[in-house]
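Visitor: I'm passing along query-v1.tsv; it holds TSV, C-alpha atoms.
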```
chain	number	residue	atom	x	y	z
A	1	MET	CA	6.88	-2.70	-19.88
A	2	LYS	CA	5.16	-1.60	-16.69
A	3	ILE	CA	3.84	1.55	-18.37
A	4	LEU	CA	2.41	-0.44	-21.27
A	5	ARG	CA	0.62	-2.78	-18.87
A	6	TYR	CA	-0.77	0.20	-16.96
A	7	LEU	CA	-2.04	1.80	-20.19
A	8	LEU	CA	-3.69	-1.45	-21.31
A	9	ILE	CA	-5.45	-1.82	-17.97
A	10	ARG	CA	-6.66	1.78	-18.07
A	11	ALA	CA	-7.90	1.36	-21.65
A	12	SER	CA	-9.72	-1.84	-20.71
A	13	TYR	CA	-11.57	0.12	-18.01
A	14	ALA	CA	-12.23	3.12	-20.25
A	15	ILE	CA	-13.93	1.21	-23.08
A	16	PRO	CA	-16.93	-0.04	-21.03
A	17	VAL	CA	-17.29	3.34	-19.34
A	18	ILE	CA	-17.40	5.14	-22.69
A	19	TRP	CA	-19.93	2.60	-24.02
A	20	LEU	CA	-22.10	3.08	-20.93
A	21	VAL	CA	-22.02	6.88	-21.19
A	22	VAL	CA	-22.87	6.80	-24.91
A	23	SER	CA	-25.74	4.37	-24.27
A	24	VAL	CA	-27.19	6.46	-21.44
A	25	VAL	CA	-27.00	9.65	-23.50
A	26	PHE	CA	-28.68	7.93	-26.46
A	27	LEU	CA	-31.50	6.63	-24.27
A	28	LEU	CA	-31.99	10.00	-22.57
A	29	ILE	CA	-32.23	11.72	-25.93
A	30	HIS	CA	-35.01	9.34	-26.93
A	31	LEU	CA	-36.83	9.52	-23.59
A	32	VAL	CA	-37.24	13.30	-23.64
A	33	PRO	CA	-40.90	14.10	-24.26
A	34	GLY	CA	-41.88	15.88	-27.45
A	35	ASP	CA	-40.96	15.48	-31.05
A	36	PRO	CA	-37.67	17.15	-32.03
A	37	ILE	CA	-38.77	17.42	-35.66
A	38	LEU	CA	-41.90	19.35	-34.71
A	39	GLN	CA	-39.75	21.62	-32.55
A	40	MET	CA	-37.46	22.31	-35.50
A	41	LEU	CA	-40.14	22.84	-38.14
A	42	GLY	CA	-42.95	24.24	-36.04
A	43	GLU	CA	-46.35	22.79	-35.35
A	44	GLY	CA	-47.86	24.04	-38.61
A	45	ALA	CA	-45.38	22.20	-40.82
A	46	PRO	CA	-46.81	20.06	-43.64
A	47	ALA	CA	-46.74	16.29	-43.11
A	48	ALA	CA	-44.49	15.81	-46.15
A	49	ASP	CA	-41.85	18.14	-44.68
A	50	ILE	CA	-42.01	16.33	-41.34
A	51	ALA	CA	-41.58	12.94	-43.02
A	52	ALA	CA	-38.71	14.20	-45.19
A	53	THR	CA	-36.90	15.70	-42.19
A	54	ARG	CA	-37.39	12.51	-40.16
A	55	HIS	CA	-35.87	10.55	-43.03
A	56	ALA	CA	-32.98	13.01	-43.40
A	57	TYR	CA	-32.08	12.65	-39.70
A	58	GLY	CA	-32.64	8.87	-39.69
A	59	LEU	CA	-35.48	9.02	-37.19
A	60	ASP	CA	-37.70	6.83	-39.36
A	61	VAL	CA	-35.61	3.69	-38.81
A	62	PRO	CA	-35.96	1.33	-35.82
A	63	LEU	CA	-34.36	2.34	-32.52
A	64	GLY	CA	-31.73	-0.41	-32.72
A	65	THR	CA	-30.54	0.81	-36.10
A	66	GLN	CA	-30.42	4.37	-34.80
A	67	TYR	CA	-28.28	3.20	-31.89
A	68	LEU	CA	-25.83	1.44	-34.21
A	69	HIS	CA	-25.51	4.57	-36.34
A	70	TYR	CA	-25.13	6.73	-33.24
```
Could I get this file's structure written as structure tokens?

Guide:
Amino acid sequence: MKILRYLLIRASYAIPVIWLVVSVVFLLIHLVPGDPILQMLGEGAPAADIAATRHAYGLDVPLGTQYLHY
């Protein structure tokens, strides 16, 4: 019984820590300057290809929706 209580306490501490780490990583990814799609396709890529790639990676939806999917 003591081990189960210990595991539940540890899990209750781990869940907010994991959420915080995931949130910080998500925000850092979006704060990095530059466009990742332009880096992938190159600066001379046609606008249609850029839009299609943004849609494929889900970068055309609002930031809150991206976070929920992340």

Visitor: Please compute the CA of Pro62 in chain A-CA of Asp49 in chain A distance, one decimal, in Å.

Guide: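 Going from CA of Pro62 in chain A over to CA of Asp49 in chain A, I get 19.9 Å.
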
Visitor: I'd like the neighbourhood of range 15-23 of chain A as a VMD selection string, where a residue qualifies if any of its atoms comes within 9 Å (using only C-alpha atoms), though same-chain residues fewer than 4 positions away should be ignored.

Guide: chain A and resid 10 to 11 27 to 28 67 70

Visitor: So how many Å separate CA of His69 in chain A and CA of Ile29 in chain A, to one decimal?

Guide: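 Calculated distance between CA of His69 in chain A and CA of Ile29 in chain A is 14.3 Å.
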
Visitor: So how many Å separate CA of Thr65 in chain A and CA of Ala14 in chain A, to one decimal?

Guide: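 These atoms are spaced 24.3 Å apart.
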
Visitor: Would you mind listing what lies within 12 Å of Leu38 in chain A as an MDAnalysis selection string, with only C-alpha atoms counted and same-chain residues fewer than 3 positions away left out?

Guide: chainID A and resid 33:35 41:47 49:51 53:54

Visitor: Give the padded box for range 13-23 of chain A as JSON: axis-aligned, covering all atoms listed in the file, 5 Å on each side, centre and edge lengths in Å to one decimal.

Guide:
```
{"center_x": -18.7, "center_y": 3.4, "center_z": -21.5, "size_x": 24.2, "size_y": 16.9, "size_z": 16.9}
```

Visitor: Which one of A:Leu7, A:Phe26, A:Met1, A:Ile37 sits closest to Ala52 in chain A if you count only C-alpha atoms?

Guide: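 Among A:Leu7, A:Phe26, A:Met1, A:Ile37, it is A:Ile37 that comes nearest to Ala52 in chain A.
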
Visitor: Of the candidates A:Gly58, A:Leu4, A:Leu63, A:Ala48, which shows the shortest atom-to-atom distance to His30 in chain A, using only C-alpha atoms?

Guide: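 Looking at the shortest contact to His30 in chain A, the residue is A:Leu63.
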